[in-house]
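Chemist: Have a peek at target08.cif (mmCIF, C-alpha atoms).
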data_my_file
#
loop_
_atom_site.label_atom_id
_atom_site.label_comp_id
_atom_site.auth_asym_id
_atom_site.auth_seq_id
_atom_site.Cartn_x
_atom_site.Cartn_y
_atom_site.Cartn_z
CA MET C 249 -25.77 176.82 -78.17
CA GLY C 250 -24.79 174.01 -80.55
CA GLY C 251 -27.71 171.80 -79.56
CA GLN C 252 -30.15 174.60 -80.34
CA ILE C 253 -29.13 175.27 -83.95
CA LYS C 254 -31.38 173.48 -86.41
CA ILE C 255 -30.69 172.81 -90.08
CA VAL C 256 -33.63 173.23 -92.48
CA ASP C 257 -32.84 171.80 -95.91
CA THR C 258 -34.82 173.06 -98.89
CA THR C 259 -33.00 171.26 -101.70
CA LEU C 260 -36.26 169.58 -102.70
CA ARG C 261 -38.12 172.89 -102.91
CA ASP C 262 -35.87 175.92 -103.43
CA GLY C 263 -33.12 173.76 -104.89
CA GLU C 264 -35.47 172.29 -107.47
CA GLN C 265 -36.60 175.81 -108.36
CA THR C 266 -33.19 176.30 -109.97
CA ALA C 267 -33.83 177.13 -113.60
CA GLY C 268 -33.80 173.89 -115.61
CA VAL C 269 -33.70 171.49 -112.65
CA VAL C 270 -36.29 168.75 -112.19
CA PHE C 271 -35.94 165.84 -109.77
CA ALA C 272 -37.63 162.53 -110.54
CA ASN C 273 -39.87 161.31 -107.70
CA SER C 274 -37.46 158.47 -106.95
CA GLU C 275 -34.62 161.02 -106.71
CA LYS C 276 -36.59 163.26 -104.36
CA LEU C 277 -37.31 160.34 -102.07
CA ARG C 278 -33.68 159.21 -102.14
CA ILE C 279 -32.42 162.74 -101.41
CA ALA C 280 -34.84 163.04 -98.49
CA LYS C 281 -33.55 159.76 -97.04
CA MET C 282 -29.94 160.88 -97.47
CA LEU C 283 -30.64 164.22 -95.82
CA ASP C 284 -32.30 162.46 -92.91
CA ALA C 285 -29.41 160.02 -92.57
CA ILE C 286 -26.79 162.75 -92.21
CA GLY C 287 -28.77 164.60 -89.53
CA VAL C 288 -30.90 167.34 -91.13
CA ASP C 289 -33.57 168.49 -88.68
CA GLN C 290 -36.27 169.58 -91.11
CA ILE C 291 -36.77 168.83 -94.81
CA GLU C 292 -38.81 171.22 -96.93
CA ALA C 293 -40.10 168.55 -99.29
CA GLY C 294 -41.89 170.63 -101.91
CA VAL C 295 -45.09 172.51 -102.77
CA PRO C 296 -48.15 170.31 -102.11
CA VAL C 297 -50.64 172.59 -103.87
CA MET C 298 -48.91 171.75 -107.17
CA GLY C 299 -50.67 168.40 -106.97
CA GLY C 300 -49.79 165.50 -109.28
CA ASP C 301 -46.30 164.02 -108.91
CA GLU C 302 -45.29 166.74 -106.44
CA LYS C 303 -48.04 165.85 -103.99
CA LYS C 304 -47.50 162.13 -104.52
CA VAL C 305 -43.81 162.21 -103.67
CA ILE C 306 -44.31 164.48 -100.66
CA LYS C 307 -46.72 161.85 -99.29
CA GLU C 308 -44.09 159.18 -99.96
CA ILE C 309 -41.48 161.20 -98.07
CA VAL C 310 -43.89 161.67 -95.14
CA ASP C 311 -44.59 157.92 -95.12
CA ALA C 312 -40.89 156.98 -95.27
CA GLY C 313 -40.58 157.03 -91.49
CA LEU C 314 -37.82 159.62 -91.37
CA ARG C 315 -36.61 161.21 -88.16
CA ALA C 316 -36.63 164.70 -89.68
CA SER C 317 -39.66 166.96 -89.65
CA ILE C 318 -41.29 167.19 -93.11
CA MET C 319 -42.39 170.65 -94.19
CA GLY C 320 -44.63 171.68 -97.06
CA TRP C 321 -44.24 175.12 -98.67
CA ASN C 322 -47.38 177.21 -99.08
CA ARG C 323 -48.52 180.61 -100.14
CA ALA C 324 -50.44 182.52 -97.48
CA VAL C 325 -53.60 180.79 -98.66
CA ILE C 326 -55.70 178.44 -96.53
CA ASP C 327 -56.31 176.05 -99.43
CA ASP C 328 -52.52 175.66 -99.87
CA VAL C 329 -52.25 174.64 -96.23
CA ARG C 330 -55.03 172.09 -96.72
CA HIS C 331 -52.90 170.39 -99.37
CA SER C 332 -49.96 170.19 -96.93
CA ILE C 333 -52.27 168.67 -94.33
CA ASP C 334 -53.49 166.17 -96.93
CA CYS C 335 -49.88 165.11 -97.53
CA GLY C 336 -49.39 164.48 -93.83
CA CYS C 337 -46.71 167.15 -93.31
CA ASP C 338 -46.07 167.96 -89.67
CA ALA C 339 -44.82 171.46 -90.54
CA VAL C 340 -45.71 174.18 -93.02
CA ALA C 341 -43.98 177.24 -94.41
CA ILE C 342 -46.46 180.04 -95.04
CA SER C 343 -44.79 182.43 -97.41
CA ILE C 344 -45.68 185.93 -98.56
CA SER C 345 -43.77 188.99 -99.73
CA THR C 346 -43.22 191.85 -97.31
CA SER C 347 -41.22 194.41 -99.32
CA ASP C 348 -43.11 197.27 -100.92
CA ILE C 349 -41.69 196.49 -104.36
CA HIS C 350 -43.07 192.94 -104.11
CA ILE C 351 -46.38 193.96 -102.56
CA GLU C 352 -47.05 196.58 -105.21
CA HIS C 353 -45.67 194.95 -108.35
CA LYS C 354 -45.85 191.21 -107.65
CA LEU C 355 -48.86 190.81 -105.37
CA ARG C 356 -50.79 193.91 -106.49
CA SER C 357 -51.85 194.18 -102.87
CA THR C 358 -51.38 196.27 -99.74
CA ARG C 359 -49.42 195.92 -96.53
CA GLU C 360 -52.64 195.40 -94.57
CA LYS C 361 -53.87 192.60 -96.83
CA VAL C 362 -50.50 190.85 -96.64
CA ILE C 363 -50.72 190.65 -92.85
CA GLU C 364 -54.37 189.57 -93.02
CA SER C 365 -53.60 186.73 -95.44
CA MET C 366 -50.60 185.55 -93.46
CA SER C 367 -52.49 185.64 -90.16
CA ARG C 368 -55.48 183.69 -91.48
CA ALA C 369 -53.30 180.98 -93.00
CA CYS C 370 -51.13 180.76 -89.89
CA GLU C 371 -54.11 180.52 -87.52
CA PHE C 372 -55.65 177.82 -89.72
CA ALA C 373 -52.41 175.80 -89.65
CA LYS C 374 -52.07 176.09 -85.88
CA LYS C 375 -55.65 174.85 -85.44
CA HIS C 376 -54.46 171.69 -87.20
CA ASN C 377 -51.51 171.33 -84.82
CA LEU C 378 -48.85 172.11 -87.42
CA TYR C 379 -45.45 173.64 -86.81
CA VAL C 380 -45.50 176.96 -88.67
CA SER C 381 -42.70 178.95 -90.25
CA VAL C 382 -43.95 182.30 -91.53
CA ASN C 383 -41.74 183.37 -94.40
CA ALA C 384 -41.07 187.06 -94.94
CA GLU C 385 -40.13 187.05 -98.62
CA ASP C 386 -37.73 189.82 -99.57
CA ALA C 387 -37.32 190.67 -95.89
CA SER C 388 -33.94 192.26 -96.61
CA ARG C 389 -35.65 194.99 -98.67
CA THR C 390 -38.64 195.39 -96.36
CA ASP C 391 -39.28 198.62 -94.48
CA PRO C 392 -38.00 197.87 -90.93
CA ASP C 393 -41.08 199.20 -89.18
CA TYR C 394 -43.36 197.11 -91.37
CA LEU C 395 -41.14 194.04 -90.91
CA LEU C 396 -41.61 194.42 -87.14
CA GLN C 397 -45.37 194.77 -87.61
CA PHE C 398 -45.45 191.67 -89.81
CA ALA C 399 -43.29 189.61 -87.43
CA ARG C 400 -45.37 190.57 -84.39
CA ALA C 401 -48.55 189.67 -86.25
CA ALA C 402 -47.01 186.30 -87.11
CA ARG C 403 -46.18 185.68 -83.47
CA GLU C 404 -49.72 186.65 -82.40
CA ALA C 405 -51.15 184.27 -85.03
CA GLY C 406 -49.16 181.44 -83.44
CA ALA C 407 -46.14 181.16 -85.73
CA ASP C 408 -43.27 179.11 -84.35
CA ARG C 409 -40.63 181.00 -86.28
CA LEU C 410 -40.01 183.70 -88.85
CA ARG C 411 -38.04 182.86 -91.97
CA PHE C 412 -35.96 185.91 -92.84
CA CYS C 413 -35.51 185.74 -96.62
CA ASP C 414 -32.72 187.62 -98.35
CA THR C 415 -34.55 186.88 -101.57
CA VAL C 416 -32.24 188.77 -103.92
CA GLY C 417 -29.04 188.19 -101.96
CA ILE C 418 -28.20 191.83 -101.20
CA MET C 419 -27.09 191.54 -97.58
CA ASP C 420 -23.60 191.45 -96.12
CA PRO C 421 -22.56 189.78 -92.84
CA PHE C 422 -22.19 193.05 -90.92
CA GLY C 423 -25.66 194.33 -91.79
CA THR C 424 -27.14 190.85 -91.35
CA TYR C 425 -25.85 190.57 -87.80
CA GLU C 426 -27.26 193.95 -86.79
CA LYS C 427 -30.66 193.41 -88.42
CA ILE C 428 -31.22 189.91 -87.04
CA LYS C 429 -30.09 190.90 -83.54
CA TRP C 430 -32.50 193.84 -83.63
CA LEU C 431 -35.37 191.73 -84.99
CA ILE C 432 -35.03 189.02 -82.34
CA GLU C 433 -34.77 191.57 -79.53
CA GLU C 434 -37.83 193.45 -80.75
CA VAL C 435 -40.10 190.51 -81.57
CA GLY C 436 -38.92 187.57 -79.45
CA LEU C 437 -39.62 185.01 -82.18
CA ASP C 438 -37.27 182.31 -83.44
CA VAL C 439 -35.64 183.28 -86.74
CA GLU C 440 -34.51 181.15 -89.67
CA MET C 441 -31.84 182.47 -92.00
CA HIS C 442 -32.77 181.92 -95.65
CA MET C 443 -30.00 183.58 -97.63
CA HIS C 444 -29.36 183.72 -101.35
CA ASN C 445 -25.91 183.87 -102.89
CA ASP C 446 -26.09 186.62 -105.53
CA PHE C 447 -22.99 188.31 -104.11
CA GLY C 448 -21.38 185.12 -102.81
CA MET C 449 -22.25 185.79 -99.17
CA ALA C 450 -25.08 183.35 -98.41
CA THR C 451 -23.06 181.16 -96.05
CA ALA C 452 -21.40 184.15 -94.37
CA ASN C 453 -24.76 185.83 -93.88
CA THR C 454 -26.22 182.64 -92.44
CA LEU C 455 -23.41 182.45 -89.89
CA ALA C 456 -23.81 186.13 -89.07
CA GLY C 457 -27.50 185.59 -88.39
CA ILE C 458 -26.76 182.63 -86.13
CA ARG C 459 -24.23 184.68 -84.19
CA ALA C 460 -26.93 187.31 -83.80
CA GLY C 461 -29.29 184.75 -82.25
CA ALA C 462 -31.04 182.98 -85.13
CA ARG C 463 -31.58 179.30 -84.31
CA TYR C 464 -32.46 177.95 -87.76
CA ALA C 465 -30.32 177.80 -90.89
CA GLY C 466 -32.04 177.29 -94.24
CA VAL C 467 -29.71 175.53 -96.69
CA THR C 468 -29.49 173.41 -99.84
CA VAL C 469 -27.01 170.73 -100.87
CA VAL C 470 -24.05 172.36 -102.72
CA GLY C 471 -25.96 175.66 -102.56
CA LEU C 472 -28.37 174.63 -105.32
CA GLY C 473 -31.08 177.25 -105.83
CA GLU C 474 -32.48 180.05 -107.90
CA ARG C 475 -29.98 182.30 -109.70
CA ALA C 476 -26.66 182.02 -107.80
CA GLY C 477 -28.18 179.61 -105.28
CA ASN C 478 -28.58 179.40 -101.52
CA ALA C 479 -26.35 178.87 -98.50
CA ALA C 480 -24.78 175.43 -98.90
CA LEU C 481 -25.61 172.74 -96.35
CA GLU C 482 -22.07 171.38 -96.17
CA GLU C 483 -20.52 174.86 -95.86
CA VAL C 484 -22.80 175.95 -93.03
CA VAL C 485 -22.38 172.74 -91.02
CA MET C 486 -18.58 172.65 -91.34
CA ALA C 487 -18.18 176.39 -90.76
CA LEU C 488 -20.24 176.14 -87.59
CA LYS C 489 -18.02 173.30 -86.42
CA TYR C 490 -14.64 174.83 -87.22
CA LEU C 491 -15.26 178.56 -86.99
CA ASP C 492 -17.86 178.75 -84.22
CA ASN C 493 -17.09 175.52 -82.32
CA ILE C 494 -20.68 174.30 -82.81
CA ASP C 495 -20.68 170.59 -83.64
CA LEU C 496 -24.12 169.55 -84.87
CA LYS C 497 -23.05 165.88 -84.82
CA PHE C 498 -23.86 165.42 -88.50
CA LYS C 499 -22.56 162.40 -90.38
CA THR C 500 -20.33 164.67 -92.42
CA GLU C 501 -18.41 161.76 -93.94
CA GLN C 502 -21.45 161.36 -96.21
CA PHE C 503 -21.29 164.92 -97.55
CA ARG C 504 -19.38 164.10 -100.74
CA GLU C 505 -21.71 161.22 -101.64
CA LEU C 506 -24.74 163.45 -101.05
CA ALA C 507 -23.24 166.28 -103.11
CA GLU C 508 -22.48 163.92 -105.99
CA TYR C 509 -25.97 162.44 -105.96
CA VAL C 510 -27.76 165.80 -105.88
CA SER C 511 -25.51 167.20 -108.61
CA LEU C 512 -26.19 164.16 -110.78
CA ALA C 513 -29.95 164.34 -110.17
CA ALA C 514 -29.92 168.07 -110.96
CA ARG C 515 -27.73 167.50 -114.02
CA ARG C 516 -25.34 170.11 -112.70
CA GLN C 517 -21.56 169.75 -112.55
CA LEU C 518 -20.05 169.55 -109.09
CA PRO C 519 -17.08 171.95 -109.46
CA ALA C 520 -13.69 170.64 -108.41
CA TRP C 521 -13.16 173.89 -106.49
CA LYS C 522 -16.46 173.68 -104.57
CA ALA C 523 -15.93 174.48 -100.88
CA VAL C 524 -15.92 171.48 -98.52
CA VAL C 525 -16.94 168.79 -101.05
CA GLY C 526 -15.02 169.70 -104.22
CA SER C 527 -12.38 167.20 -105.33
CA ASN C 528 -9.69 169.91 -105.14
CA MET C 529 -10.32 170.55 -101.43
CA PHE C 530 -7.51 168.18 -100.47
CA ALA C 531 -5.50 168.17 -103.70
CA HIS C 532 -2.00 169.65 -103.44
CA GLU C 533 0.24 170.48 -106.40
CA SER C 534 2.30 173.51 -105.40
CA GLY C 535 5.71 172.36 -104.20
CA ILE C 536 5.55 174.24 -100.90
CA HIS C 537 1.99 173.11 -100.17
CA ALA C 538 2.57 169.49 -101.13
CA ASP C 539 5.74 169.33 -99.05
CA GLY C 540 3.90 170.75 -96.03
CA ALA C 541 0.91 168.43 -96.48
CA LEU C 542 3.19 165.42 -96.76
CA LYS C 543 5.01 166.33 -93.55
CA ASP C 544 1.83 167.20 -91.62
CA PRO C 545 -1.57 167.61 -93.36
CA ARG C 546 -2.59 170.22 -90.80
CA THR C 547 -0.20 172.69 -92.41
CA TYR C 548 -2.68 173.22 -95.27
CA GLU C 549 -5.86 171.40 -94.21
CA VAL C 550 -8.28 172.64 -91.56
CA MET C 551 -10.28 169.40 -91.59
CA THR C 552 -9.44 165.89 -92.70
CA PRO C 553 -10.59 164.67 -96.12
CA GLU C 554 -12.18 161.60 -94.56
CA GLU C 555 -14.39 163.86 -92.47
CA VAL C 556 -16.32 164.96 -95.56
CA GLY C 557 -15.97 161.81 -97.64
CA LEU C 558 -12.93 162.77 -99.72
CA GLU C 559 -9.31 161.64 -100.06
CA ARG C 560 -6.05 163.56 -100.05
CA GLN C 561 -4.35 163.87 -103.43
CA ILE C 562 -0.80 164.89 -104.26
CA VAL C 563 -1.10 166.21 -107.82
CA ILE C 564 2.01 166.09 -109.99
CA GLY C 565 2.32 168.94 -112.47
CA LYS C 566 4.02 172.22 -113.32
CA HIS C 567 4.04 173.50 -109.74
CA SER C 568 5.23 170.31 -108.05
CA GLY C 569 8.47 170.02 -106.09
CA THR C 570 10.92 167.20 -105.50
CA ALA C 571 9.22 166.16 -102.24
CA ALA C 572 6.01 165.41 -104.12
CA ILE C 573 7.92 163.58 -106.86
CA LYS C 574 9.67 161.35 -104.33
CA ALA C 575 6.44 160.69 -102.44
CA LYS C 576 4.55 159.82 -105.63
CA PHE C 577 7.22 157.39 -106.85
CA ALA C 578 7.39 155.86 -103.38
CA GLU C 579 3.76 154.84 -103.96
CA TYR C 580 5.05 152.81 -106.91
CA GLY C 581 7.77 151.25 -104.74
CA VAL C 582 10.51 153.37 -106.35
CA HIS C 583 12.98 155.22 -104.13
CA LEU C 584 14.41 158.35 -105.75
CA GLU C 585 17.50 160.21 -104.67
CA GLU C 586 17.26 163.98 -104.66
CA ALA C 587 19.25 164.33 -107.89
CA ASP C 588 17.02 161.83 -109.70
CA ALA C 589 13.87 163.52 -108.38
CA ALA C 590 15.12 166.90 -109.60
CA ALA C 591 15.87 165.50 -113.07
CA ILE C 592 12.49 163.83 -113.34
CA LEU C 593 10.79 166.99 -112.06
CA ALA C 594 12.26 168.99 -114.94
CA ARG C 595 10.71 166.53 -117.41
CA VAL C 596 7.41 166.60 -115.51
CA ARG C 597 7.21 170.38 -115.66
CA ALA C 598 8.00 170.48 -119.36
CA LEU C 599 5.30 167.95 -120.22
CA ALA C 600 2.74 169.59 -117.90
CA VAL C 601 3.27 172.93 -119.67
CA GLU C 602 2.96 171.25 -123.06
CA LEU C 603 -0.25 169.44 -122.09
CA LYS C 604 -1.61 172.32 -119.93
CA ARG C 605 -2.59 169.97 -117.09
CA PRO C 606 -1.22 167.74 -114.33
CA LEU C 607 0.09 164.33 -115.31
CA PHE C 608 -1.48 160.91 -114.99
CA ASP C 609 0.28 158.02 -113.30
CA LYS C 610 1.03 156.31 -116.61
CA GLU C 611 2.63 159.48 -117.95
CA LEU C 612 4.83 159.62 -114.87
CA ALA C 613 5.76 155.99 -115.43
CA HIS C 614 6.73 156.77 -119.02
CA ILE C 615 8.84 159.72 -117.87
CA TYR C 616 10.61 157.46 -115.39
CA GLU C 617 11.25 154.82 -118.06
CA ASP C 618 12.58 157.44 -120.47
CA TYR C 619 14.78 158.89 -117.74
CA GLN C 620 16.21 155.47 -116.90
CA GLU C 621 16.83 154.75 -120.57
CA ALA C 622 18.60 158.09 -120.98
CA ARG C 623 20.80 157.31 -117.96
CA LYS C 624 21.78 153.93 -119.42
CA LYS C 625 22.69 155.52 -122.76
CA ALA C 626 24.71 158.19 -120.98
CA ALA C 627 26.57 155.53 -118.99
CA VAL C 628 27.39 153.56 -122.16
CA THR C 629 28.58 156.69 -123.91
CA ALA C 630 30.79 157.59 -120.97
CA VAL C 631 32.49 154.19 -121.14
#
Translate the structure described by the file into structure tokens.
Modeler:
Amino acid sequence: MGGQIKIVDTTLRDGEQTAGVVFANSEKLRIAKMLDAIGVDQIEAGVPVMGGDEKKVIKEIVDAGLRASIMGWNRAVIDDVRHSIDCGCDAVAISISTSDIHIEHKLRSTREKVIESMSRACEFAKKHNLYVSVNAEDASRTDPDYLLQFARAAREAGADRLRFCDTVGIMDPFGTYEKIKWLIEEVGLDVEMHMHNDFGMATANTLAGIRAGARYAGVTVVGLGERAGNAALEEVVMALKYLDNIDLKFKTEQFRELAEYVSLAARRQLPAWKAVVGSNMFAHESGIHADGALKDPRTYEVMTPEEVGLERQIVIGKHSGTAAIKAKFAEYGVHLEEADAAAILARVRALAVELKRPLFDKELAHIYEDYQEARKKAAVTAV
């Protein structure tokens, strides 16, 4: 099954739709190259009908000679598809809302007209030999019978897959599994999971859909996207590898570099606690944890830090133990006996509480110097 799962990255489209985010053309091209280098199968490069810089950079991405398929996002409008063709995209997403609340209040249309528009655009794209993903926007709130009707119409119009969009992020993994399994069995069309993270379940829902038979996972780097974001590329790839034993053979050692670059381009902080690529992923402070990690990293690490482009850190602070203190000072070439480590640890904890943070190396050095000075004075006094 592992060879059949495909990763569709939409950082350059849905990710850039994050409120306040704009990528420069040079950044979009660089991100596309980085995504291609790590192994992404399809890159949704943007919205060609926007014209101007958007269309220009999509053409540049197409002309960059990447291995990945390059997809343009379109409304269910033939003229939109023409712009994607003009850019040279080999694939198109044809997107239209399918829930009644969207059809009535957003589109001011009808169910029948939605299917008609989608079918015309899809048929036009297939006549131009494009790979077509038909996107069911707000699929998670769509009447099931109508969703089946829409999906079957997409298949009849020649669509290669259906993008199941949990547009407002309301699904949970249990319901996702059941709905995707049912949809695939009823329609017989490849499904892409496109999950939003409003309740923090985008990655879990993506995995649930894959377990139910979906072959495509729509993701963004660090989960960048509208509102609470999308399923994160690095989370989905590593979860598939370690939880489902599906190794996509990605160059995962480049994940941290990619996450840093996208965060910088988006002018968004990369949280230290971010799953997979956050700097705290392999940072250990708690005495029990640090001791275990020092003895055998597998005690508290499922993957190695090098695998995702990070390094292991033993953080010295309030929660540290003597094992971490001895290991840290060993890095400086200083061997500490247990009694000395315990005495230094007491000073470390006091200063960490006072400063409300872990300590820097120089602060540890100062503590050691002060401790040694205090010992000398004590020895003189004793004499």
Chemist: Residues at most 10 Å from C:Ser367, counting all atoms listed in the file, excluding those fewer than 3 positions away in the same chain, as JSON, numbers by chain?
Modeler: {"C": [324, 325, 342, 361, 362, 363, 364, 370, 371, 372, 373, 382, 398, 401, 402, 403, 404, 405, 406, 407]}
Chemist: If you count only C-alpha atoms, which residues fall within 6 Å of stretch 502-508 of chain C, apart from same-chain ones fewer than 3 positions away, as a PyMOL selection string?
Modeler: chain C and resi 511+525+556-557
Chemist: Write out as a short mmCIF file (atom, residue, chain, number, x, y, z; two decimals) with C-alpha atoms, keeping the file's coordinate frame each polymer residue whose atoms come within 6 Å of stretch 309-317 of chain C, counting all atoms listed in the file; drop sequence neighbours fewer than 3 positions from it.
Modeler:
data_model
loop_
_atom_site.label_atom_id
_atom_site.label_comp_id
_atom_site.auth_asym_id
_atom_site.auth_seq_id
_atom_site.Cartn_x
_atom_site.Cartn_y
_atom_site.Cartn_z
CA LEU C 277 -37.31 160.34 -102.07
CA ASP C 284 -32.30 162.46 -92.91
CA ASP C 289 -33.57 168.49 -88.68
CA GLN C 290 -36.27 169.58 -91.11
CA ILE C 306 -44.31 164.48 -100.66
#
Chemist: Mind dumping a table of every stretch 278-347 of chain C residue within 6 Å of stretch 257-266 of chain C, with the nearest atom pair and its distance in Å to one decimal, using all atoms listed in the file, sorted by chain and rising number, as a Markdown table?
Modeler:
| residue | atom | partner | partner_atom | distance |
| --- | --- | --- | --- | --- |
| C:Ile291 | CA | C:Asp257 | CA | 5.0 |
| C:Glu292 | CA | C:Thr258 | CA | 4.8 |
| C:Ala293 | CA | C:Leu260 | CA | 5.2 |
| C:Gly294 | CA | C:Arg261 | CA | 4.5 |
Chemist: Once you count only C-alpha atoms, what closest atom pair and distance in Å to one decimal does each residue of stretch 266-301 of chain C within 12 Å of stretch 482-493 of chain C have, with rows by chain and rising residue number, as a Markdown table?
Modeler:
| residue | atom | partner | partner_atom | distance |
| --- | --- | --- | --- | --- |
| C:Leu283 | CA | C:Glu482 | CA | 11.2 |
| C:Ile286 | CA | C:Glu482 | CA | 10.6 |
| C:Gly287 | CA | C:Val485 | CA | 10.5 |
| C:Val288 | CA | C:Val485 | CA | 10.1 |
Chemist: Leaving out C:Asn478 and any residue of its chain fewer than 2 positions from it, which residues lie within 12 Å of it when counting only C-alpha atoms, given as an MDAnalysis selection string?
Modeler: chainID C and resid 257:259 261:266 413:417 441:454 465:476 480:484
Chemist: Name the residues captured by the PyMOL selection byres ((chain C and resi 383) around 6) when it is applied to the shown file; answer as JSON, numbers by chain.
Modeler: {"C": [342, 343, 382, 384, 385, 410, 411]}
Chemist: Please compute the atom CA of C:Leu558-atom CA of C:Arg278 distance, one decimal, in Å.
Modeler: 21.2 Å
Chemist: Up to 10 Å from (3.5, 156.9, -110.3) in the file's coordinates: name the residues, counting all atoms listed in the file, as an MDAnalysis selection string.
Modeler: chainID C and resid 564 573:582 607:616
Chemist: Write the residues you've just listed into a file as a PDB file, keeping the file's coordinate frame, and include C-alpha atoms for each of them.
Modeler:
ATOM      1  CA  ILE C 564       2.010 166.090-109.990  1.00  0.00           C
ATOM      2  CA  ILE C 573       7.920 163.580-106.860  1.00  0.00           C
ATOM      3  CA  LYS C 574       9.670 161.350-104.330  1.00  0.00           C
ATOM      4  CA  ALA C 575       6.440 160.690-102.440  1.00  0.00           C
ATOM      5  CA  LYS C 576       4.550 159.820-105.630  1.00  0.00           C
ATOM      6  CA  PHE C 577       7.220 157.390-106.850  1.00  0.00           C
ATOM      7  CA  ALA C 578       7.390 155.860-103.380  1.00  0.00           C
ATOM      8  CA  GLU C 579       3.760 154.840-103.960  1.00  0.00           C
ATOM      9  CA  TYR C 580       5.050 152.810-106.910  1.00  0.00           C
ATOM     10  CA  GLY C 581       7.770 151.250-104.740  1.00  0.00           C
ATOM     11  CA  VAL C 582      10.510 153.370-106.350  1.00  0.00           C
ATOM     12  CA  LEU C 607       0.090 164.330-115.310  1.00  0.00           C
ATOM     13  CA  PHE C 608      -1.480 160.910-114.990  1.00  0.00           C
ATOM     14  CA  ASP C 609       0.280 158.020-113.300  1.00  0.00           C
ATOM     15  CA  LYS C 610       1.030 156.310-116.610  1.00  0.00           C
ATOM     16  CA  GLU C 611       2.630 159.480-117.950  1.00  0.00           C
ATOM     17  CA  LEU C 612       4.830 159.620-114.870  1.00  0.00           C
ATOM     18  CA  ALA C 613       5.760 155.990-115.430  1.00  0.00           C
ATOM     19  CA  HIS C 614       6.730 156.770-119.020  1.00  0.00           C
ATOM     20  CA  ILE C 615       8.840 159.720-117.870  1.00  0.00           C
ATOM     21  CA  TYR C 616      10.610 157.460-115.390  1.00  0.00           C
TER      22      TYR C 616
END
Chemist: Could you tell me which of C:Arg623, C:Arg368, C:Arg560, C:Arg546 comes closest to C:Gly526 if we count only C-alpha atoms?
Modeler: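 Ranking C:Arg623, C:Arg368, C:Arg560, C:Arg546 by distance to C:Gly526, first place goes to C:Arg560.
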Chemist: Could you check how far atom CA of C:Arg463 sits from atom CA of C:Gly423, in Å to one decimal?
Modeler: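 According to the coordinates, atom CA of C:Arg463 and atom CA of C:Gly423 are separated by 17.8 Å.
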Chemist: Counting only C-alpha atoms, note down every residue that has an atom within 10 Å of the point (-9.5, 172.1, -100.0) (file coordinates), as an mmCIF file with C-alpha atoms, keeping the file's coordinate frame.
Modeler:
data_model
loop_
_atom_site.group_PDB
_atom_site.id
_atom_site.type_symbol
_atom_site.label_atom_id
_atom_site.label_comp_id
_atom_site.auth_asym_id
_atom_site.auth_seq_id
_atom_site.Cartn_x
_atom_site.Cartn_y
_atom_site.Cartn_z
ATOM 1 C CA ALA C 520 -13.690 170.640 -108.410
ATOM 2 C CA TRP C 521 -13.160 173.890 -106.490
ATOM 3 C CA LYS C 522 -16.460 173.680 -104.570
ATOM 4 C CA ALA C 523 -15.930 174.480 -100.880
ATOM 5 C CA VAL C 524 -15.920 171.480 -98.520
ATOM 6 C CA VAL C 525 -16.940 168.790 -101.050
ATOM 7 C CA GLY C 526 -15.020 169.700 -104.220
ATOM 8 C CA SER C 527 -12.380 167.200 -105.330
ATOM 9 C CA ASN C 528 -9.690 169.910 -105.140
ATOM 10 C CA MET C 529 -10.320 170.550 -101.430
ATOM 11 C CA PHE C 530 -7.510 168.180 -100.470
ATOM 12 C CA ALA C 531 -5.500 168.170 -103.700
ATOM 13 C CA HIS C 532 -2.000 169.650 -103.440
ATOM 14 C CA TYR C 548 -2.680 173.220 -95.270
ATOM 15 C CA GLU C 549 -5.860 171.400 -94.210
ATOM 16 C CA VAL C 550 -8.280 172.640 -91.560
ATOM 17 C CA MET C 551 -10.280 169.400 -91.590
ATOM 18 C CA THR C 552 -9.440 165.890 -92.700
ATOM 19 C CA PRO C 553 -10.590 164.670 -96.120
ATOM 20 C CA LEU C 558 -12.930 162.770 -99.720
ATOM 21 C CA ARG C 560 -6.050 163.560 -100.050
#
Chemist: For the provided coordinates, the residues matched by the PyMOL selection byres ((chain C and resi 332) around 12) should be stated as a ChimeraX atom specification.
Modeler: /C:292-299,302-304,306-307,310,318-323,325-331,333-342,369,372-373,376,378-380
Chemist: Atom CA of C:Arg356 to atom CA of C:Leu396: how many Å, to one decimal?
Modeler: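 Computing the Euclidean distance for atom CA of C:Arg356 and atom CA of C:Leu396 yields 21.4 Å.
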Chemist: Counting all atoms listed in the file, figure out which residue out of C:Phe271, C:Ala627, C:Glu501, C:Ala460 gets nearest to C:Ile432.
Modeler: C:Ala460
Chemist: So, with only C-alpha atoms as the atoms that count, which of C:Ala399, C:Ala587, C:Ala462, C:Leu355 lies closest to C:Val435?
Modeler: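 That would be C:Ala399, the residue with the smallest distance to C:Val435.
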Chemist: Please determine, counting only C-alpha atoms, which residue among C:Pro545, C:Gly569, C:Gly457, C:Gly477 has the shortest atom-to-atom distance to C:Phe422.
Modeler: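 Checking each candidate against C:Phe422, we get C:Gly457 as the closest.
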Chemist: Step by step, work through what the PyMOL selection byres ((chain C and resi 346-350) around 7) selects in the shown file, and finish by giving those residues as a ChimeraX atom specification.
Modeler: /C:344-345,351-355,384-387,389-391
Chemist: Let me make sure I understand: among C:Ile592, C:Ala280, C:Ala267, C:Ile458, which one has the smallest atom-to-atom distance to C:Ala571 if we use all atoms listed in the file?
Modeler: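 Nearest candidate to C:Ala571 out of C:Ile592, C:Ala280, C:Ala267, C:Ile458: C:Ile592.
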